[in-house]
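This is start05.txt (compact mmCIF, C-alpha atoms).
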# COMPACT_ATOMS: atom_id res chain seq x y z
CA MET T 1 80.28 -9.98 85.13
CA SER T 2 82.61 -8.82 87.82
CA ARG T 3 85.21 -7.68 85.25
CA LEU T 4 82.67 -5.64 83.31
CA SER T 5 81.42 -3.87 86.40
CA LYS T 6 84.99 -3.07 87.34
CA PHE T 7 85.81 -1.22 84.08
CA LEU T 8 82.35 0.27 83.48
CA PRO T 9 82.98 3.62 85.35
CA ILE T 10 86.21 4.14 83.51
CA LEU T 11 84.50 3.50 80.20
CA ILE T 12 81.78 6.00 81.02
CA LEU T 13 84.35 8.69 81.88
CA LEU T 14 86.22 8.11 78.63
CA ILE T 15 83.03 8.39 76.60
CA ALA T 16 82.09 11.65 78.40
CA ALA T 17 85.54 13.16 77.85
CA ALA T 18 85.42 12.25 74.18
CA GLY T 19 82.01 13.90 73.83
CA ALA T 20 83.17 17.09 75.52
CA ALA T 21 86.24 17.28 73.31
CA ALA T 22 84.07 16.85 70.26
CA LEU T 23 81.82 19.72 71.35
CA VAL T 24 84.78 22.08 71.94
CA LEU T 25 86.40 21.26 68.63
CA SER T 26 83.17 21.64 66.72
CA LYS T 27 82.42 25.17 68.22
CA PRO T 28 82.82 27.96 65.58
CA ARG T 29 85.71 30.37 66.18
CA PRO T 30 84.83 34.13 66.73
CA GLU T 31 85.65 36.54 63.97
CA LYS T 32 88.71 38.76 64.53
CA ARG T 33 87.92 42.52 64.68
CA GLU T 34 90.36 45.38 64.36
CA PHE T 35 89.64 48.28 66.83
CA GLU T 36 90.22 51.80 65.53
CA ALA T 37 91.86 54.36 67.90
CA ILE T 38 89.50 57.14 69.11
CA VAL T 39 90.78 60.53 67.86
CA PRO T 40 89.84 63.37 70.25
CA VAL T 41 88.10 66.48 68.94
CA VAL T 42 89.79 69.66 70.17
CA ARG T 43 89.24 73.38 69.84
CA VAL T 44 92.11 75.61 68.83
CA HIS T 45 92.93 79.30 69.11
CA THR T 46 94.91 80.82 66.25
CA VAL T 47 97.74 83.07 67.45
CA GLU T 48 97.92 86.65 66.23
CA LEU T 49 100.87 88.74 67.39
CA THR T 50 99.80 92.30 68.14
CA ASP T 51 100.58 95.43 70.14
CA HIS T 52 98.64 95.53 73.39
CA GLN T 53 97.83 98.29 75.87
CA LEU T 54 98.21 96.97 79.40
CA THR T 55 95.87 98.06 82.18
CA VAL T 56 96.13 97.66 85.93
CA LEU T 57 93.07 97.34 88.16
CA SER T 58 92.67 98.63 91.70
CA GLN T 59 90.06 100.12 94.00
CA GLY T 60 89.77 102.73 96.71
CA THR T 61 87.69 105.35 98.48
CA VAL T 62 87.27 108.98 97.43
CA SER T 63 88.73 111.59 99.78
CA PRO T 64 89.34 115.35 99.49
CA ARG T 65 92.79 116.68 98.68
CA THR T 66 92.42 119.38 101.36
CA ARG T 67 90.61 118.88 104.66
CA SER T 68 90.67 121.41 107.52
CA VAL T 69 89.34 121.99 111.01
CA LEU T 70 87.90 125.50 111.07
CA VAL T 71 88.75 127.41 114.28
CA PRO T 72 88.18 131.04 115.39
CA GLU T 73 91.06 133.39 116.07
CA VAL T 74 89.11 135.53 118.54
CA ALA T 75 86.78 134.79 121.44
CA GLY T 76 83.11 135.67 121.72
CA ARG T 77 79.52 134.61 121.24
CA VAL T 78 78.32 133.33 117.87
CA ILE T 79 75.60 135.77 116.80
CA GLU T 80 74.97 134.64 113.21
CA VAL T 81 75.59 131.56 111.06
CA SER T 82 75.46 131.20 107.29
CA PRO T 83 72.87 128.92 105.66
CA ALA T 84 75.86 127.06 104.16
CA PHE T 85 77.22 126.36 107.65
CA ALA T 86 75.63 122.91 107.93
CA PRO T 87 76.80 119.37 107.12
CA GLY T 88 76.84 119.04 103.33
CA GLY T 89 76.62 122.79 102.74
CA PHE T 90 78.65 124.28 99.88
CA PHE T 91 80.55 127.56 100.19
CA GLU T 92 82.88 129.63 98.04
CA ASP T 93 86.34 131.00 98.77
CA GLY T 94 86.08 134.03 101.08
CA GLU T 95 82.40 133.49 101.91
CA TRP T 96 81.44 134.16 105.55
CA LEU T 97 80.34 131.12 107.53
CA LEU T 98 79.62 132.57 110.97
CA ARG T 99 79.95 135.86 112.88
CA ILE T 100 81.14 136.45 116.43
CA ASP T 101 79.84 139.41 118.48
CA PRO T 102 82.09 142.33 117.37
CA HIS T 103 81.14 144.83 120.14
CA ASP T 104 84.22 144.39 122.32
CA TYR T 105 86.50 144.50 119.29
CA ARG T 106 84.97 147.73 117.99
CA GLN T 107 85.58 149.29 121.40
CA ALA T 108 89.16 148.05 121.40
CA LEU T 109 89.68 149.62 117.98
CA ILE T 110 88.42 153.00 119.23
CA VAL T 111 90.82 152.86 122.19
CA ALA T 112 93.72 151.92 119.92
CA GLN T 113 92.93 154.77 117.54
CA SER T 114 92.85 157.20 120.48
CA MET T 115 96.26 156.03 121.65
CA GLN T 116 97.57 156.42 118.12
CA ALA T 117 96.30 160.02 118.01
CA GLN T 118 98.00 160.78 121.33
CA ALA T 119 101.25 159.27 120.14
CA ARG T 120 101.10 161.27 116.93
CA LEU T 121 100.53 164.49 118.93
CA ARG T 122 103.42 163.75 121.26
CA LEU T 123 105.70 163.14 118.29
CA LEU T 124 104.74 166.50 116.82
CA LEU T 125 105.50 168.24 120.15
CA VAL T 126 108.86 166.50 120.54
CA GLU T 127 109.79 167.30 116.94
CA ALA T 128 109.01 170.97 117.61
CA GLU T 129 111.08 170.98 120.81
CA ALA T 130 113.95 169.24 119.04
CA LYS T 131 113.90 171.79 116.24
CA LEU T 132 113.91 174.68 118.72
CA ALA T 133 116.75 173.16 120.73
CA ARG T 134 118.84 172.62 117.62
CA GLU T 135 118.33 176.23 116.50
CA GLU T 136 119.23 177.60 119.96
CA TRP T 137 122.37 175.50 120.14
CA GLN T 138 123.47 176.61 116.71
CA ALA T 139 122.87 180.24 117.74
CA LEU T 140 125.12 179.80 120.79
CA GLY T 141 127.83 178.23 118.66
CA ARG T 142 129.27 176.09 121.46
CA GLY T 143 130.35 173.15 119.28
CA GLU T 144 128.86 169.67 119.31
CA ALA T 145 125.73 169.33 121.42
CA ASN T 146 124.73 166.51 123.73
CA PRO T 147 122.06 164.23 122.13
CA LEU T 148 119.88 164.72 125.14
CA THR T 149 120.10 168.50 124.70
CA LEU T 150 118.88 168.12 121.09
CA PHE T 151 115.98 165.90 122.20
CA GLU T 152 117.23 162.99 120.10
CA PRO T 153 116.31 160.24 122.63
CA GLN T 154 112.94 161.86 123.22
CA LEU T 155 112.36 161.99 119.47
CA ALA T 156 113.24 158.30 119.06
CA GLU T 157 110.95 157.36 121.95
CA ALA T 158 108.06 159.35 120.47
CA LYS T 159 108.51 157.70 117.05
CA ALA T 160 108.59 154.25 118.65
CA ALA T 161 105.46 155.05 120.66
CA LEU T 162 103.67 156.11 117.50
CA ALA T 163 104.73 152.92 115.72
CA ALA T 164 103.48 150.84 118.66
CA ALA T 165 100.19 152.72 118.65
CA ALA T 166 99.82 152.14 114.91
CA ALA T 167 100.47 148.44 115.45
CA GLY T 168 97.82 148.44 118.15
CA VAL T 169 95.31 149.95 115.73
CA GLU T 170 96.21 147.36 113.09
CA GLN T 171 95.84 144.52 115.59
CA ALA T 172 92.52 145.85 116.85
CA LEU T 173 91.26 146.16 113.27
CA THR T 174 92.45 142.63 112.50
CA ASN T 175 90.67 141.25 115.57
CA LEU T 176 87.50 143.05 114.51
CA GLN T 177 87.74 141.54 111.02
CA ARG T 178 88.31 138.10 112.55
CA THR T 179 84.89 138.19 114.19
CA GLU T 180 83.63 137.22 110.74
CA VAL T 181 84.88 133.67 110.05
CA LEU T 182 85.56 133.31 106.32
CA ALA T 183 85.97 130.21 104.18
CA PRO T 184 89.64 129.65 103.24
CA TYR T 185 88.67 127.99 99.95
CA ALA T 186 85.68 126.78 97.97
CA GLY T 187 84.46 123.70 99.73
CA ARG T 188 81.87 121.82 101.70
CA VAL T 189 81.05 121.34 105.37
CA GLN T 190 81.64 117.79 106.59
CA THR T 191 80.69 118.25 110.26
CA LYS T 192 80.03 121.24 112.52
CA GLN T 193 80.67 121.54 116.25
CA VAL T 194 79.12 124.93 117.19
CA ASP T 195 75.93 126.79 116.50
CA LEU T 196 74.15 130.06 117.14
CA GLY T 197 74.56 131.49 120.65
CA GLN T 198 77.55 129.39 121.66
CA VAL T 199 80.59 131.12 123.18
CA VAL T 200 83.85 130.15 121.49
CA ALA T 201 87.51 130.78 122.23
CA PRO T 202 90.55 130.88 119.95
CA GLY T 203 91.28 127.33 118.82
CA THR T 204 87.77 125.99 119.49
CA PRO T 205 86.83 123.59 116.65
CA LEU T 206 83.96 125.13 114.71
CA ALA T 207 83.61 122.65 111.85
CA THR T 208 85.45 120.19 109.64
CA ILE T 209 85.50 121.34 106.03
CA TYR T 210 87.10 120.13 102.81
CA ALA T 211 87.93 121.60 99.42
CA ILE T 212 85.96 120.60 96.33
CA ASP T 213 88.42 121.63 93.62
CA VAL T 214 90.06 118.20 93.46
CA ALA T 215 89.13 114.73 94.73
CA GLU T 216 91.72 112.06 95.42
CA VAL T 217 91.60 108.27 95.51
CA ARG T 218 94.31 106.23 97.21
CA LEU T 219 94.92 103.10 95.13
CA PRO T 220 96.93 100.10 96.40
CA LEU T 221 99.07 98.27 93.84
CA PRO T 222 100.91 94.97 94.46
CA ASP T 223 104.59 94.81 93.66
CA ALA T 224 103.94 92.37 90.80
CA GLU T 225 101.84 94.98 88.96
CA LEU T 226 104.39 97.80 89.11
CA ALA T 227 106.22 96.52 86.03
CA PHE T 228 103.15 97.16 83.89
CA VAL T 229 102.58 100.86 84.65
CA ASP T 230 104.73 104.03 84.61
CA LEU T 231 104.36 105.58 88.05
CA PRO T 232 105.69 109.02 89.11
CA LEU T 233 108.17 107.71 91.67
CA GLY T 234 109.69 110.29 94.00
CA TYR T 235 113.46 110.82 94.21
CA ARG T 236 115.49 113.15 96.37
CA GLY T 237 115.72 116.58 94.81
CA GLU T 238 112.57 116.01 92.76
CA SER T 239 109.02 116.95 93.58
CA GLY T 240 107.74 113.43 92.91
CA ALA T 241 104.62 114.84 91.29
CA GLY T 242 103.99 114.79 87.58
CA ARG T 243 101.71 113.65 84.82
CA GLY T 244 101.20 110.02 85.69
CA PRO T 245 99.09 107.51 83.76
CA ARG T 246 95.46 108.21 82.94
CA THR T 247 92.95 106.45 85.17
CA THR T 248 89.25 105.69 84.79
CA LEU T 249 87.19 105.48 87.97
CA ARG T 250 83.89 103.60 88.05
CA ALA T 251 81.27 103.53 90.78
CA GLU T 252 77.77 102.19 91.21
CA PHE T 253 75.22 104.80 92.21
CA ALA T 254 71.42 104.77 92.10
CA GLY T 255 71.35 101.55 90.10
CA GLY T 256 73.82 102.66 87.42
CA VAL T 257 77.56 102.59 86.78
CA HIS T 258 79.23 105.97 86.26
CA GLU T 259 82.73 106.94 85.13
CA TRP T 260 85.18 109.74 85.91
CA SER T 261 88.55 110.45 84.30
CA GLY T 262 91.59 111.24 86.40
CA ARG T 263 95.33 110.93 86.48
CA ILE T 264 97.85 109.50 88.95
CA VAL T 265 99.86 112.39 90.39
CA ARG T 266 102.11 110.77 92.98
CA THR T 267 103.03 107.68 94.95
CA GLU T 268 103.19 107.58 98.72
CA GLY T 269 106.49 107.53 100.53
CA MET T 270 106.49 103.96 101.84
CA ILE T 271 105.55 100.38 101.02
CA ASP T 272 103.08 98.72 103.36
CA PRO T 273 105.18 96.28 105.44
CA VAL T 274 102.27 93.84 105.84
CA SER T 275 100.62 93.72 102.42
CA ARG T 276 103.74 94.75 100.43
CA MET T 277 101.55 97.20 98.54
CA ILE T 278 102.60 100.59 97.23
CA HIS T 279 99.89 103.25 97.25
CA THR T 280 99.35 105.66 94.40
CA VAL T 281 97.11 108.73 94.42
CA VAL T 282 94.84 109.63 91.51
CA GLN T 283 93.26 113.07 91.25
CA VAL T 284 89.97 114.04 89.61
CA LYS T 285 89.35 117.73 88.98
CA ASP T 286 86.03 119.41 89.76
CA PRO T 287 84.43 116.30 91.29
CA TYR T 288 81.22 118.19 92.13
CA GLY T 289 80.81 119.89 88.77
CA ARG T 290 77.81 119.06 86.59
CA SER T 291 80.00 118.18 83.60
CA LYS T 292 77.98 115.17 82.41
CA PRO T 293 74.17 114.99 82.51
CA GLY T 294 72.86 112.28 84.81
CA ARG T 295 76.20 111.60 86.46
CA PRO T 296 76.35 112.07 90.24
CA PRO T 297 79.19 114.00 91.90
CA LEU T 298 82.29 112.06 92.87
CA ALA T 299 81.45 112.42 96.54
CA VAL T 300 83.82 111.97 99.45
CA GLY T 301 83.53 108.43 100.83
CA MET T 302 82.36 106.87 97.55
CA PHE T 303 83.92 103.46 96.77
CA VAL T 304 85.32 103.26 93.25
CA LYS T 305 87.06 100.73 91.02
CA ALA T 306 90.01 102.04 89.04
CA GLU T 307 91.46 101.06 85.67
CA ILE T 308 94.95 102.49 85.19
CA VAL T 309 96.39 102.80 81.69
CA GLY T 310 99.68 100.92 81.73
CA LYS T 311 102.54 100.37 79.33
CA LYS T 312 102.09 99.42 75.69
CA VAL T 313 103.80 96.15 74.71
CA GLU T 314 104.64 95.04 71.18
CA ASN T 315 104.42 91.67 69.41
CA VAL T 316 102.62 89.75 72.12
CA ALA T 317 100.03 87.00 71.87
CA LEU T 318 96.81 86.88 73.86
CA ILE T 319 95.70 83.30 74.46
CA PRO T 320 92.93 81.76 76.61
CA ARG T 321 94.00 80.79 80.10
CA SER T 322 92.47 77.34 79.53
CA SER T 323 95.21 76.60 76.99
CA LEU T 324 97.96 76.78 79.63
CA ARG T 325 98.93 73.38 81.01
CA PRO T 326 99.95 72.82 84.66
CA ASP T 327 103.62 72.59 83.63
CA GLY T 328 103.51 76.06 82.05
CA ARG T 329 103.56 74.80 78.46
CA VAL T 330 100.94 74.87 75.70
CA LEU T 331 99.91 72.33 73.08
CA ILE T 332 100.38 73.32 69.45
CA VAL T 333 98.39 71.57 66.71
CA ASP T 334 100.72 71.24 63.72
CA ALA T 335 99.86 71.13 60.02
CA GLU T 336 99.19 67.37 60.24
CA ASN T 337 96.77 67.89 63.15
CA ARG T 338 99.15 66.37 65.66
CA LEU T 339 99.84 67.74 69.15
CA ARG T 340 103.24 69.25 69.96
CA PHE T 341 104.38 70.62 73.33
CA ARG T 342 105.67 74.23 73.25
CA ASP T 343 107.50 76.25 75.94
CA ILE T 344 106.38 79.88 76.21
CA GLU T 345 107.43 83.00 78.12
CA ILE T 346 104.53 84.60 79.96
CA LEU T 347 104.44 88.36 80.39
CA ARG T 348 101.26 88.50 82.44
CA ALA T 349 98.53 86.12 83.56
CA LEU T 350 94.99 87.52 83.90
CA ASN T 351 91.77 85.85 85.00
CA GLU T 352 90.77 84.66 81.52
CA THR T 353 93.76 85.57 79.34
CA ILE T 354 97.49 84.89 79.20
CA ILE T 355 99.77 87.49 77.59
CA VAL T 356 102.72 85.70 75.97
CA LYS T 357 105.83 87.64 74.96
CA ALA T 358 107.93 84.79 73.51
CA GLY T 359 107.53 81.25 72.20
CA LEU T 360 104.64 81.72 69.78
CA ALA T 361 104.41 82.83 66.16
CA ASP T 362 101.66 84.23 63.97
CA GLY T 363 99.34 81.46 62.82
CA ASP T 364 100.22 78.94 65.53
CA ARG T 365 97.19 76.89 66.52
CA ILE T 366 96.93 76.39 70.27
CA CYS T 367 94.81 73.61 71.72
CA THR T 368 92.30 75.08 74.18
CA THR T 369 90.59 71.80 75.07
CA VAL T 370 91.66 70.25 78.37
CA LEU T 371 92.94 66.71 77.68
CA SER T 372 93.61 64.28 80.52
CA ALA T 373 96.28 62.29 78.67
CA VAL T 374 98.49 63.70 75.95
CA ILE T 375 101.24 62.04 73.91
CA GLU T 376 103.62 64.00 71.72
CA GLY T 377 102.48 63.61 68.12
CA MET T 378 98.97 62.44 69.06
CA LYS T 379 96.42 62.81 66.26
CA VAL T 380 93.44 65.13 66.84
CA ILE T 381 90.42 66.48 65.00
CA VAL T 382 90.39 70.28 64.97
CA ARG T 383 87.48 72.59 65.62
CA GLU T 384 88.37 76.27 65.26
CA ASP T 385 87.68 78.79 68.07
CA GLY T 386 87.03 82.45 67.43
CA VAL T 387 90.17 84.55 67.53

Could you take the file, read its structure, and then write that structure out as structure tokens?
Amino acid sequence: MSRLSKFLPILILLIAAAGAAALVLSKPRPEKREFEAIVPVVRVHTVELTDHQLTVLSQGTVSPRTRSVLVPEVAGRVIEVSPAFAPGGFFEDGEWLLRIDPHDYRQALIVAQSMQAQARLRLLLVEAEAKLAREEWQALGRGEANPLTLFEPQLAEAKAALAAAAAGVEQALTNLQRTEVLAPYAGRVQTKQVDLGQVVAPGTPLATIYAIDVAEVRLPLPDAELAFVDLPLGYRGESGAGRGPRTTLRAEFAGGVHEWSGRIVRTEGMIDPVSRMIHTVVQVKDPYGRSKPGRPPLAVGMFVKAEIVGKKVENVALIPRSSLRPDGRVLIVDAENRLRFRDIEILRALNETIIVKAGLADGDRICTTVLSAVIEGMKVIVREDGV
């Protein structure tokens, strides 16, 4: 009994192990399954080489080509102002804007004319005396006469006095005419500093005015954009002005977007040392003319966006920016729908488009789908994008 109890635990363990082994061996084996690789679906853009007109974008504020501070050339009290002599008022070339009291200048003209008459009379008297002296000397026959005897200095002095008197009349007449302040060109009043009844002196600012024949917009361009547009650069011995590229200006006004056509006429003489920008100037003729129904005038101070017509490039490809990988390459889908890396030469990168000048051919299919992991030769399923 003692021997049986001694080996009983061992016997139980052996029986349990045998049972467990039988269960494991009798369990059915799982079926083997073959997993198919997941083929990504991608969109492609088909390359079409074409000629493309480049454009350069900028923005600026409208300003007049000519701006002046109007000042009087004579002193006096303002006795009359034109209805156009007000901020925003339009005027034509030669139109009077204000009048200064002319009384003192009329009196000065009368005095100058009197002095001119006296000088003319004195010249006539001296000429008569000189003629008489010359005849008497010739009658005496004493040879060459002294200039003083022939009244030559007196005659010269009388002629000079008459010329001075004539100049005095001309100056007095000019001062009288200057009491009427005239517009130097067709333009508009920006601000005015004087009004009716005010006493002004020569050089007193009367108003700030500007011409309305041409409006200008100063457009900044970064150095990187200069290669895409033909600018009228200035060189020594040349005017620097010419027929630059056409430019379309757009501005929002009264809930609508309006356009004006202009042309770049010059570049400024320096590059901004901080921004490294070069500034070009576009001109628009007759900015206040009613040339297009419903379009407002291109007013001074208006903010505009500009689209400059640039160079025309040949045989380039326009591809979506999403197709450009971080390393500067693109993925080409070959005839077997496998991905191939391709190096390209970029001419210009825009917000949504890349302009490629080398590395692509007509008919190439570029993958536009962003893939996280790509292996050369990887199989894909193609879905065509619109060209």

Have a look at T:Val199, T:Val281, T:Cys367, T:Val380 and name the one nearest to Ser323 in chain T; count only C-alpha atoms.
->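 The shortest atom-to-atom distance to Ser323 in chain T comes from T:Cys367.
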
May I have the residues within 12 Å of Phe341 in chain T as a list in words, using all atoms listed in the file and disregarding those fewer than 3 positions away in the same chain?
->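 Within the cut-off, the hits are Ser323, Leu324, Arg325, Asp327, Gly328, Arg329, Val330, Leu331, Ile332, Val333, Asp334, Arg338, Ile344, Gly359, Leu360, Arg365, Ile366, Cys367, Val374, Ile375, Glu376, Gly377 and Met378 of chain T.
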
Could the residues of range 40-139 of chain T that have an atom at most 12 Å from range 286-295 of chain T be listed as CSV, each with its closest atom pair and the distance in Å to one decimal, counting only C-alpha atoms and ordered by chain and ascending residue number?
residue,atom,partner,partner_atom,distance
T:Val62,CA,T:Pro287,CA,10.0
T:Ser63,CA,T:Pro287,CA,10.6
T:Pro64,CA,T:Pro287,CA,9.6
T:Arg65,CA,T:Pro287,CA,11.2
T:Phe90,CA,T:Tyr288,CA,10.2

Separation of CA of Pro326 in chain T from CA of Lys357 in chain T in Å =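 One can read the CA of Lys357 in chain T to CA of Pro326 in chain T distance as 18.7 Å.
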
Separation of CA of Ala167 in chain T and CA of Asp104 in chain T, in Å?
->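 Interatomic distance, CA of Ala167 in chain T to CA of Asp104 in chain T: 18.1 Å.
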
For Glu48 in chain T, which residue out of T:Val356, T:Leu339, T:Ala84, T:Ala317 is the nearest one, using all atoms listed in the file?
->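 Comparing T:Val356, T:Leu339, T:Ala84, T:Ala317 against Glu48 in chain T, the winner is T:Ala317.
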
Could you check how far CA of Phe253 in chain T sits from CA of Ala211 in chain T, in Å to one decimal?
-> 22.3 Å

Neighbour list for Gly89 in chain T as number ranges by chain, cut-off 9 Å, only C-alpha atoms, skip fewer than 6 positions in-chain = T: 83, 187-190

Of the listed residues T:Glu73, T:Glu157, T:Glu180, T:Glu127, that which approaches Ile100 in chain T most closely, counting all atoms listed in the file =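 Of the candidates, the smallest distance to Ile100 in chain T is held by T:Glu180.
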
Residue contacts of Asp272 in chain T (12 Å, only C-alpha atoms) excluding same-chain residues fewer than 3 positions away, as number ranges by chain = T: 220-223, 268-269, 275-280
